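Chemist: Would you mind keeping the following structure in view while I ask a few things?
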2 protein chains.
Amino acid sequence: MPSVDERATQQRLIDAARALVEADGVEGLSMRKVAADVGVAPTAIYWHIGGREALMHAVLDAMIADLPSLAARGSTPRTRIASLAAAMRSQVLATGPAHQLAAELGRGAELSFPAQVALAREVAAAGLSGHAAADAVRSVLFVVGGFIMIEDNYRHRQPGSRTTQELWQAVGEPGIDDDLRTTMATPTDTNALFTFTVERLLDSLLD
Amino acid sequence: MPSVDERATQQRLIDAARALVEADGVEGLSMRKVAADVGVAPTAIYWHIGGREALMHAVLDAMIADLPSLAARGSTPRTRIASLAAAMRSQVLATGPAHQLAAELGRGAELSFPAQVALAREVAAAGLSGHAAADAVRSVLFVVGGFIMIEDNYRHRQPGSRTTQELWQAVGEPGIDDDLRTTMATPTDTNALFTFTVERLLDSLLD
DNA sequence: ACCTGAACACCGTTCAAGT
DNA sequence: ACCTGAACACCGTTCAAGT
């Protein structure tokens with residue numbers, strides 16, 4: 001009966017690794033910490049799972065299995081596309097470590113694929129087909145995905161580093177009126193900016 | 001005459017660190033390698049510059065000083081904004097390590113700020129002002145910056161990992177016609193997609 | 001089959017000591 | 001003022017050895 005105990009220890013190792021990633025991000029995952037948490041020698045991980053990268057893949061597999069599925073809402077294709085964009089963003093915000101892991105392992109395509117298919121369906125329902133439809137799907141995907149990455153980047157900035165607003169407070173440029181300058185010196189509402197950007201893109205993509 | 005030698009060694013340490021970052025990215029930077037390259041004990045870096053993070057800041061400062069400035073081209077505000085977007089992307093592609101370092105140190109705002117000011121000027125020239133202008137500037141910034149990050153992410157994906165195209169080849173979804181599916185299974189031309197996305201966004205932002 | 005211990009080749013950092 | 005050497009607390013990984 002080796003396979004029962006085998007899977008038990010293997011599962012405990014993956015669970016411990018997952019807990020570390022969820023608590024401190026990918027950089028918090030260490031072979032030695034995982035081993036210590038399970039009460040085993042670090043080298044036992046190599047027997048059960050493999051190296052650090054194999055462990056990361058196993059953790060990501062477990063996370064993907066628990067990922068909530070996202071559904072479009074709304075009665076028109078346009079509102080449904082906008083709702084998908086918002087759902088993609090919420091999902092990443094709610095499952096950050098899974099996406100960090102996926103990015104590190106080059107498995108981002110896997111995570112975004114369901115959203116991609118859902119988007120394609122709505123874009124087709126909006127009346128686009130062929131190349132025009134593919135361009136629209138990819139455009140929305142890149143904008144939504146990119147927006148999320150920038151937001152994430154901004155969130156993890158070091159304390160003490162200059163923000164864009166602070167830099168705008170000091171600037172005195174010709175050709176830029178006071179109203180614009182003071183607005184740029186104001187913190188960005190990323191929720192509102194996300195909605196605004198997606199809506200403006202859809203204005204043009206869907207005629 | 002301490003300050004002359006001081007700066008000489010300090011400069012050599014920063015140059016060596018910069019070379020490592022430019023060759024292998026931030027993860028290629030190690031205190032021990034820098035010290036070995038300069039022919040000094042690792043601990044000497046702590047005397048001259050400080051810890052690893054201080055060294056990274058010093059390298060980034062040097063890189064920023066060498067950054068090419070970007071200028072808008074074209075006769076209409078719209079073409080000038082599009083040219084700025086393209087210039088931002090080329091600059092990041094040409095100076096990747098500087099942006100990687102800036103992202104890690106939370107100094108991304110500093111690097112994007114000149115482009116931000118140039119964009120604001122052109123958006124104002126296009127007739128927008130106040131909140132509408134600020135929204136347009138930020139929207140373009142997030143889209144361009146996000147696009148670049150996604151592209152970069154895609155470029156660094158592990159060999160063997162599933163690409164989006166490969167996943168589309170296997171799918172058989174209702175509501176998605178064959179033409180769209182086969183197009184999605186085709187590799188993305190990111191150059192064309194970038195131009196397309198920026199143009200569609202400007203369609204709506206600039207009326 | 002399952003796991004340990006010792007070992008190797010790395011890290012960043014501190015600090016007393018030398019000149 | 002400038003630098004070294006020893007030391008500490010970490011890494012991931014390999015491999016022979018044990019049961």
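Following the order of the structure tokens, first chain is A, next is B, and so on, with residues numbered from 1 inside each chain and ligands from 1 in the order they appear.
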Report the closest atom pair, with its distance in Å rounded to one decimal, for each residue of chain A that has an atom no farther than 10 Å from chain D; count only C-alpha atoms (C1' of nucleotides), sort by chain and then rising residue number, and write it as CSV.
Modeler:
```
residue,atom,partner,partner_atom,distance
A:Ser30,CA,D:DC11,C1',8.0
A:Met31,CA,D:DG12,C1',7.6
A:Arg32,CA,D:DC11,C1',8.6
A:Pro42,CA,D:DG12,C1',9.8
A:Thr43,CA,D:DT13,C1',8.5
A:Tyr46,CA,D:DT13,C1',8.9
A:Gly51,CA,D:DT13,C1',7.9
A:Arg52,CA,D:DG12,C1',7.7
```
Chemist: Could the residues in this selection be written to a file with N, CA and C atoms, as a PDB file, in the first residue's frame?
Modeler:
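result.pdb, freshly written:
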```pdb
ATOM      1  N   SER A  30       9.906  28.366   0.062  1.00  0.00           N
ATOM      2  CA  SER A  30      11.249  27.785   0.155  1.00  0.00           C
ATOM      3  C   SER A  30      11.134  26.302   0.487  1.00  0.00           C
ATOM      4  N   MET A  31      11.981  25.522  -0.157  1.00  0.00           N
ATOM      5  CA  MET A  31      11.970  24.073   0.034  1.00  0.00           C
ATOM      6  C   MET A  31      12.150  23.726   1.507  1.00  0.00           C
ATOM      7  N   ARG A  32      13.023  24.444   2.161  1.00  0.00           N
ATOM      8  CA  ARG A  32      13.333  24.159   3.553  1.00  0.00           C
ATOM      9  C   ARG A  32      12.162  24.483   4.476  1.00  0.00           C
ATOM     10  N   PRO A  42      14.213  18.384   3.926  1.00  0.00           N
ATOM     11  CA  PRO A  42      14.011  19.096   2.666  1.00  0.00           C
ATOM     12  C   PRO A  42      14.172  18.170   1.459  1.00  0.00           C
ATOM     13  N   THR A  43      15.051  17.222   1.580  1.00  0.00           N
ATOM     14  CA  THR A  43      15.343  16.343   0.444  1.00  0.00           C
ATOM     15  C   THR A  43      14.193  15.394   0.126  1.00  0.00           C
ATOM     16  N   TYR A  46      12.150  16.220  -2.967  1.00  0.00           N
ATOM     17  CA  TYR A  46      12.698  15.814  -4.268  1.00  0.00           C
ATOM     18  C   TYR A  46      12.242  14.410  -4.633  1.00  0.00           C
ATOM     19  N   GLY A  51      11.924  19.240  -7.906  1.00  0.00           N
ATOM     20  CA  GLY A  51      12.561  20.490  -7.485  1.00  0.00           C
ATOM     21  C   GLY A  51      11.549  21.584  -7.209  1.00  0.00           C
ATOM     22  N   ARG A  52      12.050  22.752  -6.983  1.00  0.00           N
ATOM     23  CA  ARG A  52      11.213  23.907  -6.638  1.00  0.00           C
ATOM     24  C   ARG A  52      10.197  24.213  -7.730  1.00  0.00           C
TER      25      ARG A  52
END
```
Chemist: Find the nearest atom pair between each residue of chain B and chain A for residues within 6 Å, count only C-alpha atoms, give distances in Å to one decimal, sort rows by chain and ascending number, and present the table as a Markdown table.
Modeler:
```
| residue | atom | partner | partner_atom | distance |
| --- | --- | --- | --- | --- |
| B:Gly106 | CA | A:Arg157 | CA | 4.1 |
| B:Ala109 | CA | A:Thr164 | CA | 5.3 |
| B:Arg121 | CA | A:Ile176 | CA | 5.5 |
| B:Gly130 | CA | A:Leu180 | CA | 4.5 |
| B:Ser139 | CA | A:Thr197 | CA | 5.6 |
| B:Phe142 | CA | A:Phe147 | CA | 5.9 |
| B:Val143 | CA | A:Val143 | CA | 5.6 |
| B:Gly146 | CA | A:Gly146 | CA | 3.4 |
| B:Phe147 | CA | A:Gly146 | CA | 5.3 |
| B:Ile150 | CA | A:Gly146 | CA | 5.8 |
| B:Arg157 | CA | A:Gly106 | CA | 4.1 |
| B:Gln158 | CA | A:Gly106 | CA | 5.1 |
| B:Thr163 | CA | A:Ala109 | CA | 5.9 |
| B:Thr164 | CA | A:Ala109 | CA | 5.3 |
| B:Gly175 | CA | A:Arg121 | CA | 5.6 |
| B:Ile176 | CA | A:Arg121 | CA | 5.5 |
| B:Asp179 | CA | A:Gly130 | CA | 5.0 |
| B:Leu180 | CA | A:Gly130 | CA | 4.5 |
| B:Thr197 | CA | A:Ser139 | CA | 5.6 |
| B:Arg200 | CA | A:Ser204 | CA | 5.5 |
| B:Leu201 | CA | A:Leu201 | CA | 4.9 |
| B:Ser204 | CA | A:Arg200 | CA | 5.5 |
```
Chemist: Hey, what does DSSP flag as helix (DSSP H, G or I) within range 71-166 of chain A? Can you give it to me as an MDAnalysis selection string?
Modeler: chainID A and resid 77:94 96:105 108:125 130:155 164:166
Chemist: Any chance you could export the current selection's C-alpha atoms as a tab-separated table (two decimals), in the first residue's frame?
Modeler:
```tsv
chain	number	residue	atom	x	y	z
A	77	PRO	CA	-23.32	41.82	-26.02
A	78	ARG	CA	-21.72	45.11	-25.06
A	79	THR	CA	-22.79	45.01	-21.42
A	80	ARG	CA	-21.83	41.32	-21.31
A	81	ILE	CA	-18.34	42.09	-22.61
A	82	ALA	CA	-17.96	44.89	-20.06
A	83	SER	CA	-19.10	42.53	-17.32
A	84	LEU	CA	-16.53	39.94	-18.42
A	85	ALA	CA	-13.81	42.56	-18.27
A	86	ALA	CA	-14.85	43.50	-14.74
A	87	ALA	CA	-15.08	39.82	-13.75
A	88	MET	CA	-11.56	39.14	-15.04
A	89	ARG	CA	-10.24	41.99	-12.96
A	90	SER	CA	-12.09	40.88	-9.80
A	91	GLN	CA	-10.88	37.33	-10.25
A	92	VAL	CA	-7.25	38.41	-10.45
A	93	LEU	CA	-7.65	40.70	-7.44
A	94	ALA	CA	-9.20	37.81	-5.50
A	96	GLY	CA	-3.47	37.12	-6.88
A	97	PRO	CA	-1.02	34.37	-5.87
A	98	ALA	CA	-2.36	31.99	-8.54
A	99	HIS	CA	-1.74	34.60	-11.21
A	100	GLN	CA	1.69	35.46	-9.84
A	101	LEU	CA	2.59	31.78	-9.97
A	102	ALA	CA	1.15	31.42	-13.48
A	103	ALA	CA	3.14	34.42	-14.69
A	104	GLU	CA	6.36	33.06	-13.19
A	105	LEU	CA	5.80	29.64	-14.76
A	108	GLY	CA	-0.71	32.74	-17.93
A	109	ALA	CA	-2.43	31.67	-21.16
A	110	GLU	CA	-4.03	28.76	-19.33
A	111	LEU	CA	-5.60	31.04	-16.73
A	112	SER	CA	-6.89	33.63	-19.17
A	113	PHE	CA	-8.21	31.12	-21.68
A	114	PRO	CA	-11.74	30.62	-20.30
A	115	ALA	CA	-12.22	34.39	-20.26
A	116	GLN	CA	-10.86	34.50	-23.78
A	117	VAL	CA	-13.42	31.99	-25.04
A	118	ALA	CA	-16.25	33.78	-23.22
A	119	LEU	CA	-15.14	37.08	-24.75
A	120	ALA	CA	-14.98	35.55	-28.23
A	121	ARG	CA	-18.54	34.31	-27.90
A	122	GLU	CA	-19.84	37.76	-26.93
A	123	VAL	CA	-17.86	39.52	-29.64
A	124	ALA	CA	-19.38	37.12	-32.18
A	125	ALA	CA	-22.82	37.80	-30.72
A	130	GLY	CA	-13.17	36.60	-38.61
A	131	HIS	CA	-10.22	38.94	-38.27
A	132	ALA	CA	-12.25	41.87	-36.98
A	133	ALA	CA	-13.63	39.68	-34.18
A	134	ALA	CA	-10.18	38.28	-33.31
A	135	ASP	CA	-8.69	41.79	-33.20
A	136	ALA	CA	-11.47	42.93	-30.88
A	137	VAL	CA	-11.06	39.94	-28.56
A	138	ARG	CA	-7.30	40.39	-28.34
A	139	SER	CA	-7.55	44.12	-27.90
A	140	VAL	CA	-9.90	43.76	-24.93
A	141	LEU	CA	-7.75	40.98	-23.47
A	142	PHE	CA	-4.56	43.00	-23.68
A	143	VAL	CA	-6.19	46.11	-22.27
A	144	VAL	CA	-7.81	44.29	-19.36
A	145	GLY	CA	-4.76	42.13	-18.62
A	146	GLY	CA	-2.40	45.06	-18.92
A	147	PHE	CA	-4.51	47.27	-16.71
A	148	ILE	CA	-4.46	44.63	-14.00
A	149	MET	CA	-0.68	44.27	-14.20
A	150	ILE	CA	-0.13	48.02	-13.90
A	151	GLU	CA	-2.49	48.21	-10.95
A	152	ASP	CA	-0.65	45.35	-9.28
A	153	ASN	CA	2.66	47.01	-9.92
A	154	TYR	CA	1.41	50.23	-8.38
A	155	ARG	CA	0.08	48.39	-5.34
A	164	THR	CA	2.86	60.08	-10.24
A	165	GLN	CA	0.69	62.54	-8.32
A	166	GLU	CA	3.64	63.86	-6.33
```
Chemist: State, in Å with one decimal place, the distance from CA of Leu67 in chain B to CA of Leu29 in chain B.
Modeler: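 Interatomic distance, CA of Leu67 in chain B to CA of Leu29 in chain B: 20.5 Å.
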Chemist: Can you measure CA of Ala58 in chain A to CA of Gln169 in chain B for me? One decimal in Å is fine.
Modeler: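 Separation between CA of Ala58 in chain A and CA of Gln169 in chain B: 25.0 Å.
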